[in-house]
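Undergrad: Below is the structure I would like to discuss, written out as structure tokens.
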Amino acid sequence: MNPPAPEIDQTALKNERARKKQYKRTFLKEDPEGTLIVNGIHYIETAEETQTIGVFFRFEESEANGITIREYGFFGGDVAYIDGLQSDYAANGVYHPDTNPTGEVLTPGYLYEVKNIPDFNKTSDTRVELVGVIKI
């Protein structure tokens, strides 16, 4: 239970290990009967434009095994992957020819927000779903 503290000028994750493109993005509305619960707040999905957006991520069973997740971030802008990357999952953080030649993220893009979470370890044959809530 040791998530790193975010910093106001943070432009990257503290120890990026993997990236995954969101599989769903939707407007959310607070509702005490909602089944989506994030940080103790109940939400429902809505077609109505609201100032709350839910961003959904899923690591499939074969992805990111053995990685401890302490933080996640929302990236945008000029994100680019190395040539030949065929999926929306990129392992081993940001590419660097000397320090991380196996990284699959060539250009990291802009880090909009960092979320810190209690540590949990993703082990083999488990699927992990994360939901980020952004209030604008």
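Residue names in the structure tokens use chain letters A, B, ... in the order shown, residue numbers from 1 in each chain, and ligand numbers from 1 in the order shown.
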Please provide the set of residues having any atom within 8 Å of range 106-118 of chain A, restricted to only C-alpha atoms, with same-chain residues fewer than 6 positions apart removed, written as a PDB file with N, CA and C atoms, in the first residue's frame.
TA:
```pdb
ATOM      1  N   MET A   1       0.834  -1.179   0.000  1.00  0.00           N
ATOM      2  CA  MET A   1       0.000   0.000   0.000  1.00  0.00           C
ATOM      3  C   MET A   1       0.877   1.240   0.000  1.00  0.00           C
ATOM      4  N   ASN A   2       1.606   1.416  -1.103  1.00  0.00           N
ATOM      5  CA  ASN A   2       2.602   2.477  -1.136  1.00  0.00           C
ATOM      6  C   ASN A   2       2.578   3.214  -2.472  1.00  0.00           C
ATOM      7  N   PRO A   3       1.451   3.864  -2.837  1.00  0.00           N
ATOM      8  CA  PRO A   3       1.457   4.597  -4.099  1.00  0.00           C
ATOM      9  C   PRO A   3       2.329   5.834  -3.995  1.00  0.00           C
ATOM     10  N   PRO A   4       3.039   6.197  -5.080  1.00  0.00           N
ATOM     11  CA  PRO A   4       3.874   7.400  -5.021  1.00  0.00           C
ATOM     12  C   PRO A   4       2.998   8.652  -4.967  1.00  0.00           C
ATOM     13  N   ALA A   5       3.498   9.680  -4.310  1.00  0.00           N
ATOM     14  CA  ALA A   5       2.756  10.938  -4.232  1.00  0.00           C
ATOM     15  C   ALA A   5       2.891  11.681  -5.559  1.00  0.00           C
ATOM     16  N   PRO A   6       1.785  12.221  -6.095  1.00  0.00           N
ATOM     17  CA  PRO A   6       1.888  12.981  -7.338  1.00  0.00           C
ATOM     18  C   PRO A   6       2.534  14.337  -7.089  1.00  0.00           C
ATOM     19  N   GLN A  10       4.660  17.060 -12.524  1.00  0.00           N
ATOM     20  CA  GLN A  10       4.965  15.725 -13.028  1.00  0.00           C
ATOM     21  C   GLN A  10       4.572  15.605 -14.503  1.00  0.00           C
ATOM     22  N   THR A  11       5.507  15.153 -15.330  1.00  0.00           N
ATOM     23  CA  THR A  11       5.240  15.000 -16.762  1.00  0.00           C
ATOM     24  C   THR A  11       5.305  13.545 -17.215  1.00  0.00           C
ATOM     25  N   ALA A  12       5.569  12.639 -16.290  1.00  0.00           N
ATOM     26  CA  ALA A  12       5.638  11.216 -16.620  1.00  0.00           C
ATOM     27  C   ALA A  12       5.266  10.421 -15.379  1.00  0.00           C
ATOM     28  N   LEU A  13       4.935   9.160 -15.561  1.00  0.00           N
ATOM     29  CA  LEU A  13       4.709   8.291 -14.417  1.00  0.00           C
ATOM     30  C   LEU A  13       6.046   8.008 -13.752  1.00  0.00           C
ATOM     31  N   ILE A  69       0.914  -2.433  -9.853  1.00  0.00           N
ATOM     32  CA  ILE A  69       0.341  -1.172 -10.299  1.00  0.00           C
ATOM     33  C   ILE A  69       0.163  -0.264  -9.088  1.00  0.00           C
ATOM     34  N   ARG A  70       0.794   0.910  -9.131  1.00  0.00           N
ATOM     35  CA  ARG A  70       0.704   1.882  -8.046  1.00  0.00           C
ATOM     36  C   ARG A  70       0.092   3.189  -8.500  1.00  0.00           C
ATOM     37  N   GLU A  71       0.165   3.435  -9.788  1.00  0.00           N
ATOM     38  CA  GLU A  71      -0.333   4.684 -10.338  1.00  0.00           C
ATOM     39  C   GLU A  71      -0.735   4.449 -11.783  1.00  0.00           C
ATOM     40  N   TYR A  72      -1.633   5.298 -12.270  1.00  0.00           N
ATOM     41  CA  TYR A  72      -1.899   5.299 -13.701  1.00  0.00           C
ATOM     42  C   TYR A  72      -2.160   6.725 -14.120  1.00  0.00           C
ATOM     43  N   GLY A  73      -1.947   6.991 -15.394  1.00  0.00           N
ATOM     44  CA  GLY A  73      -2.085   8.348 -15.888  1.00  0.00           C
ATOM     45  C   GLY A  73      -2.887   8.389 -17.161  1.00  0.00           C
ATOM     46  N   PHE A  74      -3.417   9.562 -17.448  1.00  0.00           N
ATOM     47  CA  PHE A  74      -4.143   9.798 -18.688  1.00  0.00           C
ATOM     48  C   PHE A  74      -3.237  10.588 -19.617  1.00  0.00           C
ATOM     49  N   PHE A  75      -2.897   9.980 -20.753  1.00  0.00           N
ATOM     50  CA  PHE A  75      -2.013  10.609 -21.719  1.00  0.00           C
ATOM     51  C   PHE A  75      -2.796  11.023 -22.958  1.00  0.00           C
ATOM     52  N   GLY A  76      -2.355  12.069 -23.599  1.00  0.00           N
ATOM     53  CA  GLY A  76      -2.973  12.512 -24.842  1.00  0.00           C
ATOM     54  C   GLY A  76      -1.947  13.262 -25.667  1.00  0.00           C
ATOM     55  N   GLY A  77      -2.416  13.928 -26.695  1.00  0.00           N
ATOM     56  CA  GLY A  77      -1.505  14.688 -27.538  1.00  0.00           C
ATOM     57  C   GLY A  77      -0.819  13.798 -28.542  1.00  0.00           C
ATOM     58  N   ASP A  78       0.480  13.966 -28.702  1.00  0.00           N
ATOM     59  CA  ASP A  78       1.238  13.297 -29.767  1.00  0.00           C
ATOM     60  C   ASP A  78       1.819  11.954 -29.348  1.00  0.00           C
ATOM     61  N   VAL A  79       1.031  11.106 -28.710  1.00  0.00           N
ATOM     62  CA  VAL A  79       1.488   9.773 -28.327  1.00  0.00           C
ATOM     63  C   VAL A  79       1.805   8.986 -29.597  1.00  0.00           C
ATOM     64  N   ALA A  80       2.965   8.312 -29.610  1.00  0.00           N
ATOM     65  CA  ALA A  80       3.345   7.497 -30.771  1.00  0.00           C
ATOM     66  C   ALA A  80       4.054   6.241 -30.284  1.00  0.00           C
ATOM     67  N   TYR A  81       3.851   5.144 -31.005  1.00  0.00           N
ATOM     68  CA  TYR A  81       4.469   3.866 -30.664  1.00  0.00           C
ATOM     69  C   TYR A  81       5.531   3.520 -31.688  1.00  0.00           C
ATOM     70  N   ILE A  82       6.440   2.614 -31.325  1.00  0.00           N
ATOM     71  CA  ILE A  82       7.478   2.225 -32.270  1.00  0.00           C
ATOM     72  C   ILE A  82       6.849   1.523 -33.465  1.00  0.00           C
ATOM     73  N   VAL A  94       8.449   3.796 -21.728  1.00  0.00           N
ATOM     74  CA  VAL A  94       8.802   4.632 -22.867  1.00  0.00           C
ATOM     75  C   VAL A  94      10.110   4.166 -23.490  1.00  0.00           C
ATOM     76  N   TYR A  95      10.104   4.032 -24.807  1.00  0.00           N
ATOM     77  CA  TYR A  95      11.276   3.590 -25.565  1.00  0.00           C
ATOM     78  C   TYR A  95      12.441   4.569 -25.418  1.00  0.00           C
ATOM     79  N   HIS A  96      13.637   4.026 -25.237  1.00  0.00           N
ATOM     80  CA  HIS A  96      14.878   4.793 -25.316  1.00  0.00           C
ATOM     81  C   HIS A  96      15.927   3.831 -25.871  1.00  0.00           C
ATOM     82  N   GLY A 132     -11.026   5.330 -14.731  1.00  0.00           N
ATOM     83  CA  GLY A 132     -10.617   6.650 -14.290  1.00  0.00           C
ATOM     84  C   GLY A 132     -11.763   7.619 -14.462  1.00  0.00           C
TER      85      GLY A 132
END
```
Undergrad: Mind listing the strand (DSSP E or B) residues of range 32-124 of chain A, per DSSP on the backbone, as a PyMOL selection string?
TA: chain A and resi 36-38+41-46+52-59+67-76+80-81+89-91+94+96+100+105-107+110-122
Undergrad: Using N, CA and C atoms, can you export the residues from the last selection as a short mmCIF file (atom, residue, chain, number, x, y, z; two decimals), in the first residue's frame?
TA:
```
data_model
loop_
_atom_site.label_atom_id
_atom_site.label_comp_id
_atom_site.auth_asym_id
_atom_site.auth_seq_id
_atom_site.Cartn_x
_atom_site.Cartn_y
_atom_site.Cartn_z
N LEU A 36 -21.63 1.60 -10.91
CA LEU A 36 -20.22 1.93 -11.09
C LEU A 36 -19.79 2.76 -9.89
N ILE A 37 -18.87 2.23 -9.09
CA ILE A 37 -18.44 2.90 -7.86
C ILE A 37 -16.95 3.21 -7.98
N VAL A 38 -16.61 4.48 -7.90
CA VAL A 38 -15.21 4.92 -7.96
C VAL A 38 -14.98 5.85 -6.78
N ILE A 41 -18.01 6.85 -4.74
CA ILE A 41 -19.09 7.59 -5.39
C ILE A 41 -19.76 6.69 -6.42
N HIS A 42 -21.08 6.65 -6.40
CA HIS A 42 -21.86 5.83 -7.34
C HIS A 42 -22.17 6.65 -8.59
N TYR A 43 -21.96 6.02 -9.76
CA TYR A 43 -22.21 6.68 -11.04
C TYR A 43 -23.08 5.80 -11.92
N ILE A 44 -23.74 6.45 -12.89
CA ILE A 44 -24.37 5.76 -14.01
C ILE A 44 -23.80 6.37 -15.28
N GLU A 45 -23.77 5.58 -16.34
CA GLU A 45 -23.38 6.09 -17.65
C GLU A 45 -24.58 6.82 -18.24
N THR A 46 -24.31 7.88 -19.00
CA THR A 46 -25.38 8.65 -19.58
C THR A 46 -24.99 9.17 -20.96
N THR A 52 -18.41 15.09 -16.06
CA THR A 52 -17.71 13.93 -15.53
C THR A 52 -17.58 12.89 -16.62
N ILE A 53 -16.35 12.47 -16.86
CA ILE A 53 -16.07 11.49 -17.92
C ILE A 53 -15.44 10.26 -17.29
N GLY A 54 -15.93 9.09 -17.69
CA GLY A 54 -15.33 7.83 -17.27
C GLY A 54 -14.49 7.28 -18.40
N VAL A 55 -13.26 6.86 -18.07
CA VAL A 55 -12.36 6.27 -19.05
C VAL A 55 -12.04 4.87 -18.55
N PHE A 56 -12.32 3.87 -19.39
CA PHE A 56 -12.24 2.47 -18.97
C PHE A 56 -11.05 1.78 -19.65
N PHE A 57 -10.27 1.06 -18.85
CA PHE A 57 -9.09 0.34 -19.33
C PHE A 57 -9.20 -1.11 -18.89
N ARG A 58 -8.68 -2.01 -19.70
CA ARG A 58 -8.70 -3.42 -19.34
C ARG A 58 -7.37 -4.05 -19.76
N PHE A 59 -6.72 -4.70 -18.81
CA PHE A 59 -5.56 -5.53 -19.12
C PHE A 59 -6.06 -6.96 -19.18
N ILE A 67 3.24 -7.33 -12.96
CA ILE A 67 3.47 -5.91 -12.75
C ILE A 67 2.68 -5.44 -11.53
N THR A 68 3.35 -4.71 -10.64
CA THR A 68 2.66 -4.07 -9.53
C THR A 68 2.20 -2.70 -9.99
N ILE A 69 0.91 -2.43 -9.85
CA ILE A 69 0.34 -1.17 -10.30
C ILE A 69 0.16 -0.26 -9.09
N ARG A 70 0.79 0.91 -9.13
CA ARG A 70 0.70 1.88 -8.05
C ARG A 70 0.09 3.19 -8.50
N GLU A 71 0.16 3.44 -9.79
CA GLU A 71 -0.33 4.68 -10.34
C GLU A 71 -0.74 4.45 -11.78
N TYR A 72 -1.63 5.30 -12.27
CA TYR A 72 -1.90 5.30 -13.70
C TYR A 72 -2.16 6.72 -14.12
N GLY A 73 -1.95 6.99 -15.39
CA GLY A 73 -2.08 8.35 -15.89
C GLY A 73 -2.89 8.39 -17.16
N PHE A 74 -3.42 9.56 -17.45
CA PHE A 74 -4.14 9.80 -18.69
C PHE A 74 -3.24 10.59 -19.62
N PHE A 75 -2.90 9.98 -20.75
CA PHE A 75 -2.01 10.61 -21.72
C PHE A 75 -2.80 11.02 -22.96
N GLY A 76 -2.36 12.07 -23.60
CA GLY A 76 -2.97 12.51 -24.84
C GLY A 76 -1.95 13.26 -25.67
N ALA A 80 2.97 8.31 -29.61
CA ALA A 80 3.35 7.50 -30.77
C ALA A 80 4.05 6.24 -30.28
N TYR A 81 3.85 5.14 -31.01
CA TYR A 81 4.47 3.87 -30.66
C TYR A 81 5.53 3.52 -31.69
N TYR A 89 -1.67 -2.41 -26.59
CA TYR A 89 -0.96 -2.66 -25.34
C TYR A 89 0.53 -2.46 -25.58
N ALA A 90 1.16 -1.60 -24.81
CA ALA A 90 2.59 -1.35 -24.96
C ALA A 90 3.27 -1.62 -23.64
N ALA A 91 4.21 -2.54 -23.64
CA ALA A 91 4.90 -2.94 -22.40
C ALA A 91 6.22 -2.20 -22.24
N VAL A 94 8.45 3.80 -21.73
CA VAL A 94 8.80 4.63 -22.87
C VAL A 94 10.11 4.17 -23.49
N HIS A 96 13.64 4.03 -25.24
CA HIS A 96 14.88 4.79 -25.32
C HIS A 96 15.93 3.83 -25.87
N ASN A 100 16.14 1.81 -22.48
CA ASN A 100 14.95 0.96 -22.56
C ASN A 100 14.66 0.58 -24.02
N VAL A 105 6.67 2.66 -26.43
CA VAL A 105 6.13 4.00 -26.58
C VAL A 105 7.26 4.91 -27.03
N LEU A 106 7.20 5.36 -28.27
CA LEU A 106 8.26 6.19 -28.84
C LEU A 106 8.14 7.63 -28.35
N THR A 107 6.94 8.21 -28.44
CA THR A 107 6.68 9.56 -27.96
C THR A 107 5.60 9.47 -26.88
N TYR A 110 1.37 13.95 -23.78
CA TYR A 110 1.19 14.83 -22.64
C TYR A 110 0.45 14.10 -21.52
N LEU A 111 0.99 14.17 -20.31
CA LEU A 111 0.36 13.55 -19.15
C LEU A 111 -0.64 14.53 -18.56
N TYR A 112 -1.93 14.22 -18.70
CA TYR A 112 -2.98 15.11 -18.21
C TYR A 112 -3.23 14.98 -16.72
N GLU A 113 -3.21 13.77 -16.23
CA GLU A 113 -3.56 13.56 -14.83
C GLU A 113 -2.96 12.24 -14.34
N VAL A 114 -2.53 12.22 -13.08
CA VAL A 114 -2.01 11.01 -12.46
C VAL A 114 -2.96 10.60 -11.35
N LYS A 115 -3.27 9.32 -11.31
CA LYS A 115 -4.08 8.75 -10.23
C LYS A 115 -3.19 7.78 -9.47
N ASN A 116 -3.15 7.92 -8.15
CA ASN A 116 -2.39 7.02 -7.31
C ASN A 116 -3.35 6.05 -6.65
N ILE A 117 -2.97 4.79 -6.64
CA ILE A 117 -3.84 3.76 -6.08
C ILE A 117 -3.02 2.86 -5.16
N PRO A 118 -3.67 2.19 -4.20
CA PRO A 118 -2.94 1.22 -3.39
C PRO A 118 -2.35 0.14 -4.29
N ASP A 119 -1.17 -0.31 -3.94
CA ASP A 119 -0.48 -1.32 -4.75
C ASP A 119 -1.31 -2.58 -4.91
N PHE A 120 -1.32 -3.11 -6.10
CA PHE A 120 -1.77 -4.48 -6.28
C PHE A 120 -0.95 -5.08 -7.40
N ASN A 121 -0.73 -6.37 -7.29
CA ASN A 121 0.12 -7.07 -8.25
C ASN A 121 -0.74 -7.87 -9.20
N LYS A 122 -0.51 -7.67 -10.49
CA LYS A 122 -1.25 -8.44 -11.49
C LYS A 122 -0.48 -9.73 -11.74
#
```
Undergrad: What gap, in Å, lies between CA of Asn39 in chain A and CA of Asn65 in chain A?
TA: 24.9 Å
Undergrad: What separation in Å, quoted to one decimal, exists between CA of Thr123 in chain A and CA of Asn15 in chain A?
TA: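 These atoms are spaced 18.2 Å apart.
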Undergrad: Return the single residue from A:Ala64, A:Thr50, A:Thr35, A:Glu30 that is closest to Gly93 in chain A, with distances computed using only C-alpha atoms.
TA: A:Ala64
Undergrad: State, in Å with one decimal place, the distance from CA of Ala18 in chain A to CA of Asn92 in chain A.
TA: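 Those two atoms sit 5.4 Å apart.
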